[in-house]
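Source file: coords18.pdb; contents: PDB, C-alpha atoms.
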```
ATOM      1  CA  MET K  79       0.000   0.000   0.000  1.00  0.00           C
ATOM      2  CA  LYS K  80       1.299   3.469  -0.868  1.00  0.00           C
ATOM      3  CA  ASN K  81       1.623   6.225   1.688  1.00  0.00           C
ATOM      4  CA  LEU K  82      -0.839   9.079   1.399  1.00  0.00           C
ATOM      5  CA  GLU K  83       0.629  12.611   1.625  1.00  0.00           C
ATOM      6  CA  ILE K  84      -1.646  15.632   2.022  1.00  0.00           C
ATOM      7  CA  CYS K  85      -0.909  19.346   1.638  1.00  0.00           C
ATOM      8  CA  CYS K  86      -2.115  21.052   4.825  1.00  0.00           C
ATOM      9  CA  GLY K  87      -2.464  24.705   5.758  1.00  0.00           C
ATOM     10  CA  SER K  88      -3.034  24.382   9.497  1.00  0.00           C
ATOM     11  CA  TYR K  89      -2.833  22.179  12.559  1.00  0.00           C
ATOM     12  CA  GLU K  90      -6.506  21.287  12.157  1.00  0.00           C
ATOM     13  CA  ASP K  91      -5.892  20.259   8.528  1.00  0.00           C
ATOM     14  CA  CYS K  92      -3.187  17.900   9.793  1.00  0.00           C
ATOM     15  CA  LEU K  93      -5.544  16.298  12.302  1.00  0.00           C
ATOM     16  CA  ARG K  94      -8.093  15.723   9.544  1.00  0.00           C
ATOM     17  CA  ALA K  95      -5.431  14.343   7.206  1.00  0.00           C
ATOM     18  CA  GLU K  96      -4.272  11.848   9.821  1.00  0.00           C
ATOM     19  CA  ARG K  97      -7.867  10.752  10.507  1.00  0.00           C
ATOM     20  CA  GLY K  98      -8.260  10.279   6.745  1.00  0.00           C
ATOM     21  CA  GLY K  99      -5.278   7.959   6.544  1.00  0.00           C
ATOM     22  CA  ALA K 100      -2.373  10.261   5.673  1.00  0.00           C
ATOM     23  CA  LYS K 101       1.069   9.242   6.873  1.00  0.00           C
ATOM     24  CA  ARG K 102       2.872  12.419   5.757  1.00  0.00           C
ATOM     25  CA  VAL K 103       1.863  16.045   5.266  1.00  0.00           C
ATOM     26  CA  GLU K 104       3.362  19.053   3.558  1.00  0.00           C
ATOM     27  CA  LEU K 105       2.653  21.754   6.113  1.00  0.00           C
ATOM     28  CA  ASN K 106       2.246  25.329   4.908  1.00  0.00           C
ATOM     29  CA  SER K 107       0.632  28.552   5.950  1.00  0.00           C
ATOM     30  CA  ALA K 108      -1.179  31.010   3.658  1.00  0.00           C
ATOM     31  CA  LEU K 109      -2.241  28.484   1.046  1.00  0.00           C
ATOM     32  CA  PHE K 110      -4.069  31.315  -0.747  1.00  0.00           C
ATOM     33  CA  LEU K 111      -0.589  32.731  -1.536  1.00  0.00           C
ATOM     34  CA  GLY K 112       0.689  29.406  -2.811  1.00  0.00           C
ATOM     35  CA  GLY K 113       1.998  28.310   0.574  1.00  0.00           C
ATOM     36  CA  LEU K 114       4.376  29.993   3.008  1.00  0.00           C
ATOM     37  CA  THR K 115       6.574  28.751   5.849  1.00  0.00           C
ATOM     38  CA  PRO K 116       4.400  27.571   8.753  1.00  0.00           C
ATOM     39  CA  SER K 117       5.098  28.864  12.240  1.00  0.00           C
ATOM     40  CA  ILE K 118       7.425  26.797  14.387  1.00  0.00           C
ATOM     41  CA  ALA K 119       4.633  26.519  16.961  1.00  0.00           C
ATOM     42  CA  THR K 120       2.359  24.898  14.366  1.00  0.00           C
ATOM     43  CA  VAL K 121       5.068  22.442  13.323  1.00  0.00           C
ATOM     44  CA  LYS K 122       5.756  21.530  16.964  1.00  0.00           C
ATOM     45  CA  LYS K 123       2.067  21.054  17.755  1.00  0.00           C
ATOM     46  CA  VAL K 124       1.604  18.727  14.779  1.00  0.00           C
ATOM     47  CA  LEU K 125       4.683  16.699  15.727  1.00  0.00           C
ATOM     48  CA  GLU K 126       3.635  16.495  19.391  1.00  0.00           C
ATOM     49  CA  ASN K 127       0.028  15.485  18.744  1.00  0.00           C
ATOM     50  CA  THR K 128       0.116  13.282  15.647  1.00  0.00           C
ATOM     51  CA  SER K 129       2.191  10.454  14.235  1.00  0.00           C
ATOM     52  CA  LEU K 130       2.547  12.274  10.913  1.00  0.00           C
ATOM     53  CA  GLU K 131       5.813  12.797   9.100  1.00  0.00           C
ATOM     54  CA  VAL K 132       5.974  16.548   8.418  1.00  0.00           C
ATOM     55  CA  ILE K 133       7.552  18.219   5.416  1.00  0.00           C
ATOM     56  CA  ALA K 134       7.413  22.010   5.854  1.00  0.00           C
ATOM     57  CA  MET K 135       7.274  24.602   3.102  1.00  0.00           C
ATOM     58  CA  VAL K 136      10.144  27.094   3.336  1.00  0.00           C
ATOM     59  CA  ARG K 137       8.950  30.208   1.546  1.00  0.00           C
ATOM     60  CA  PRO K 138       8.987  33.655   3.194  1.00  0.00           C
ATOM     61  CA  ARG K 139       6.469  35.418   0.942  1.00  0.00           C
ATOM     62  CA  GLY K 140       4.169  35.030  -2.010  1.00  0.00           C
ATOM     63  CA  ALA K 141       4.840  36.663  -5.393  1.00  0.00           C
ATOM     64  CA  GLY K 142       7.218  34.243  -7.017  1.00  0.00           C
ATOM     65  CA  PHE K 143      10.219  32.135  -6.220  1.00  0.00           C
ATOM     66  CA  CYS K 144      13.107  34.537  -6.889  1.00  0.00           C
ATOM     67  CA  TYR K 145      14.579  35.729  -3.612  1.00  0.00           C
ATOM     68  CA  LEU K 146      16.913  38.452  -2.435  1.00  0.00           C
ATOM     69  CA  ASP K 147      20.055  37.352  -0.607  1.00  0.00           C
ATOM     70  CA  SER K 148      18.537  38.565   2.667  1.00  0.00           C
ATOM     71  CA  GLU K 149      15.376  36.491   2.059  1.00  0.00           C
ATOM     72  CA  PHE K 150      17.487  33.444   1.270  1.00  0.00           C
ATOM     73  CA  GLU K 151      19.383  33.874   4.553  1.00  0.00           C
ATOM     74  CA  ILE K 152      16.067  33.960   6.414  1.00  0.00           C
ATOM     75  CA  MET K 153      14.886  30.856   4.579  1.00  0.00           C
ATOM     76  CA  MET K 154      18.036  28.986   5.597  1.00  0.00           C
ATOM     77  CA  GLN K 155      17.460  29.905   9.243  1.00  0.00           C
ATOM     78  CA  ASP K 156      13.813  28.836   8.995  1.00  0.00           C
ATOM     79  CA  ALA K 157      14.877  25.496   7.528  1.00  0.00           C
TER      80      ALA K 157
END
```
Exercise: express the given structure as structure tokens:
Amino acid sequence: MKNLEICCGSYEDCLRAERGGAKRVELNSALFLGGLTPSIATVKKVLENTSLEVIAMVRPRGAGFCYLDSEFEIMMQDA
């Protein structure tokens, strides 16, 4: 059987995904912007309260995928 991975935009989405049979989630915030880096508190809460494997989006802002050096530095710290 293949593992089911779901794109989630919140802690509550992760709970629903796990109940639906997901084993792994891609956790984001601001899905309406194409997905941004979730807060560390959200990542921690998901890891503490589910058995899900979590892959987190690392993206500081919407509006494309070309970043300034300063944005890239922030992304590396977030990762």
Output as lines of an AutoDock Vina configuration file the centre and edge lengths (Å, one decimal) of the box along x, y and z of the file that holds every listed atom of region 84-97 of chain K after adding 5 Å on each side.
```
center_x = -4.5
center_y = 17.7
center_z = 7.1
size_x = 17.2
size_y = 24.0
size_z = 20.9
```
Test item: residues at most 9 Å from Val121 (chain K), all atoms listed in the file, excluding those fewer than 5 positions along its chain, as a ChimeraX atom specification
/K:89,105,116,126,132,134
Evaluate the PyMOL selection byres ((chain K and resi 123) around 12) and record the selected residues as JSON, numbers by chain, following the chain and residue labels used in the document.
{"K": [88, 89, 90, 92, 93, 105, 116, 117, 118, 119, 120, 121, 122, 124, 125, 126, 127, 128, 129, 130, 132]}
Among the residues K:Ala95, K:Leu146, K:Ile84, K:Met135, the one that comes closest to Ser107 (chain K) [using only C-alpha atoms]:
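The shortest atom-to-atom distance to Ser107 (chain K) comes from K:Met135.
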Which neighbours of Leu114 (chain K) fall inside 12 Å, counting all atoms listed in the file, when residues of the same chain fewer than 2 positions from it are skipped, and could you give them as a PyMOL selection string?
chain K and resi 85-88+104-112+116-117+134-143+153+156
Give me, please, the distance in Å between CA of Gly113 (chain K) and CA of Ile152 (chain K), quoted to one decimal.
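Interatomic distance, CA of Gly113 (chain K) to CA of Ile152 (chain K): 16.2 Å.
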Could you tell me how far CA of Glu96 (chain K) sits from CA of Met154 (chain K), in Å to one decimal place?
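Interatomic distance here is 28.4 Å.
Proximity ranking of K:Ile133, K:Glu151, K:Glu83, K:Thr115 relative to Gly99 (chain K) places K:Glu83 first, based on all atoms listed in the file.
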What would region 105-116 of chain K look like with all heavy atoms restored, written as a PDB file, keeping the file's coordinate frame?
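That gives us rebuild00.pdb:
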```pdb
ATOM      1  N   LEU K 105       3.282  20.728   5.283  1.00  0.00           N
ATOM      2  CA  LEU K 105       2.653  21.754   6.113  1.00  0.00           C
ATOM      3  C   LEU K 105       3.058  23.139   5.626  1.00  0.00           C
ATOM      4  O   LEU K 105       4.243  23.423   5.441  1.00  0.00           O
ATOM      5  CB  LEU K 105       3.058  21.557   7.577  1.00  0.00           C
ATOM      6  CG  LEU K 105       2.432  22.494   8.597  1.00  0.00           C
ATOM      7  CD1 LEU K 105       0.910  22.464   8.543  1.00  0.00           C
ATOM      8  CD2 LEU K 105       2.934  22.132   9.992  1.00  0.00           C
ATOM      9  N   ASN K 106       2.074  23.962   5.396  1.00  0.00           N
ATOM     10  CA  ASN K 106       2.246  25.329   4.908  1.00  0.00           C
ATOM     11  C   ASN K 106       1.419  26.274   5.755  1.00  0.00           C
ATOM     12  O   ASN K 106       0.593  25.858   6.549  1.00  0.00           O
ATOM     13  CB  ASN K 106       1.694  25.461   3.476  1.00  0.00           C
ATOM     14  CG  ASN K 106       2.292  24.488   2.508  1.00  0.00           C
ATOM     15  OD1 ASN K 106       3.302  24.771   1.907  1.00  0.00           O
ATOM     16  ND2 ASN K 106       1.680  23.335   2.349  1.00  0.00           N
ATOM     17  N   SER K 107       1.592  27.542   5.512  1.00  0.00           N
ATOM     18  CA  SER K 107       0.632  28.552   5.950  1.00  0.00           C
ATOM     19  C   SER K 107       0.254  29.322   4.698  1.00  0.00           C
ATOM     20  O   SER K 107       0.875  29.153   3.644  1.00  0.00           O
ATOM     21  CB  SER K 107       1.243  29.487   7.005  1.00  0.00           C
ATOM     22  OG  SER K 107       2.286  30.254   6.443  1.00  0.00           O
ATOM     23  N   ALA K 108      -0.765  30.131   4.764  1.00  0.00           N
ATOM     24  CA  ALA K 108      -1.179  31.010   3.658  1.00  0.00           C
ATOM     25  C   ALA K 108      -1.282  30.273   2.325  1.00  0.00           C
ATOM     26  O   ALA K 108      -0.664  30.666   1.334  1.00  0.00           O
ATOM     27  CB  ALA K 108      -0.246  32.211   3.560  1.00  0.00           C
ATOM     28  N   LEU K 109      -2.073  29.225   2.295  1.00  0.00           N
ATOM     29  CA  LEU K 109      -2.241  28.484   1.046  1.00  0.00           C
ATOM     30  C   LEU K 109      -2.774  29.364  -0.083  1.00  0.00           C
ATOM     31  O   LEU K 109      -2.472  29.132  -1.249  1.00  0.00           O
ATOM     32  CB  LEU K 109      -3.154  27.273   1.261  1.00  0.00           C
ATOM     33  CG  LEU K 109      -2.543  26.139   2.073  1.00  0.00           C
ATOM     34  CD1 LEU K 109      -3.573  25.044   2.318  1.00  0.00           C
ATOM     35  CD2 LEU K 109      -1.312  25.580   1.388  1.00  0.00           C
ATOM     36  N   PHE K 110      -3.528  30.406   0.264  1.00  0.00           N
ATOM     37  CA  PHE K 110      -4.069  31.315  -0.747  1.00  0.00           C
ATOM     38  C   PHE K 110      -2.962  32.089  -1.468  1.00  0.00           C
ATOM     39  O   PHE K 110      -3.198  32.653  -2.539  1.00  0.00           O
ATOM     40  CB  PHE K 110      -5.091  32.281  -0.129  1.00  0.00           C
ATOM     41  CG  PHE K 110      -4.516  33.171   0.941  1.00  0.00           C
ATOM     42  CD1 PHE K 110      -3.999  34.423   0.631  1.00  0.00           C
ATOM     43  CD2 PHE K 110      -4.480  32.746   2.265  1.00  0.00           C
ATOM     44  CE1 PHE K 110      -3.460  35.233   1.612  1.00  0.00           C
ATOM     45  CE2 PHE K 110      -3.940  33.557   3.249  1.00  0.00           C
ATOM     46  CZ  PHE K 110      -3.426  34.803   2.927  1.00  0.00           C
ATOM     47  N   LEU K 111      -1.748  32.094  -0.899  1.00  0.00           N
ATOM     48  CA  LEU K 111      -0.589  32.731  -1.536  1.00  0.00           C
ATOM     49  C   LEU K 111       0.320  31.696  -2.201  1.00  0.00           C
ATOM     50  O   LEU K 111       1.419  32.021  -2.634  1.00  0.00           O
ATOM     51  CB  LEU K 111       0.233  33.521  -0.510  1.00  0.00           C
ATOM     52  CG  LEU K 111      -0.428  34.756   0.089  1.00  0.00           C
ATOM     53  CD1 LEU K 111       0.450  35.363   1.175  1.00  0.00           C
ATOM     54  CD2 LEU K 111      -0.690  35.790  -1.005  1.00  0.00           C
ATOM     55  N   GLY K 112      -0.122  30.468  -2.242  1.00  0.00           N
ATOM     56  CA  GLY K 112       0.689  29.406  -2.811  1.00  0.00           C
ATOM     57  C   GLY K 112       1.492  28.638  -1.789  1.00  0.00           C
ATOM     58  O   GLY K 112       2.256  27.754  -2.116  1.00  0.00           O
ATOM     59  N   GLY K 113       1.317  28.987  -0.517  1.00  0.00           N
ATOM     60  CA  GLY K 113       1.998  28.310   0.574  1.00  0.00           C
ATOM     61  C   GLY K 113       3.210  29.070   1.055  1.00  0.00           C
ATOM     62  O   GLY K 113       4.073  29.442   0.255  1.00  0.00           O
ATOM     63  N   LEU K 114       3.243  29.331   2.364  1.00  0.00           N
ATOM     64  CA  LEU K 114       4.376  29.993   3.008  1.00  0.00           C
ATOM     65  C   LEU K 114       4.862  29.129   4.164  1.00  0.00           C
ATOM     66  O   LEU K 114       4.196  28.170   4.565  1.00  0.00           O
ATOM     67  CB  LEU K 114       3.970  31.379   3.531  1.00  0.00           C
ATOM     68  CG  LEU K 114       3.440  32.373   2.511  1.00  0.00           C
ATOM     69  CD1 LEU K 114       3.095  33.689   3.197  1.00  0.00           C
ATOM     70  CD2 LEU K 114       4.411  32.585   1.372  1.00  0.00           C
ATOM     71  N   THR K 115       6.012  29.488   4.726  1.00  0.00           N
ATOM     72  CA  THR K 115       6.574  28.751   5.849  1.00  0.00           C
ATOM     73  C   THR K 115       5.600  28.765   7.032  1.00  0.00           C
ATOM     74  O   THR K 115       5.149  29.836   7.445  1.00  0.00           O
ATOM     75  CB  THR K 115       7.907  29.390   6.287  1.00  0.00           C
ATOM     76  OG1 THR K 115       8.767  29.475   5.142  1.00  0.00           O
ATOM     77  CG2 THR K 115       8.578  28.584   7.379  1.00  0.00           C
ATOM     78  N   PRO K 116       5.273  27.590   7.575  1.00  0.00           N
ATOM     79  CA  PRO K 116       4.400  27.571   8.753  1.00  0.00           C
ATOM     80  C   PRO K 116       5.164  28.045   9.985  1.00  0.00           C
ATOM     81  O   PRO K 116       6.399  28.003  10.015  1.00  0.00           O
ATOM     82  CB  PRO K 116       4.026  26.091   8.884  1.00  0.00           C
ATOM     83  CG  PRO K 116       5.187  25.366   8.296  1.00  0.00           C
ATOM     84  CD  PRO K 116       5.694  26.245   7.180  1.00  0.00           C
TER      85      PRO K 116
END
```
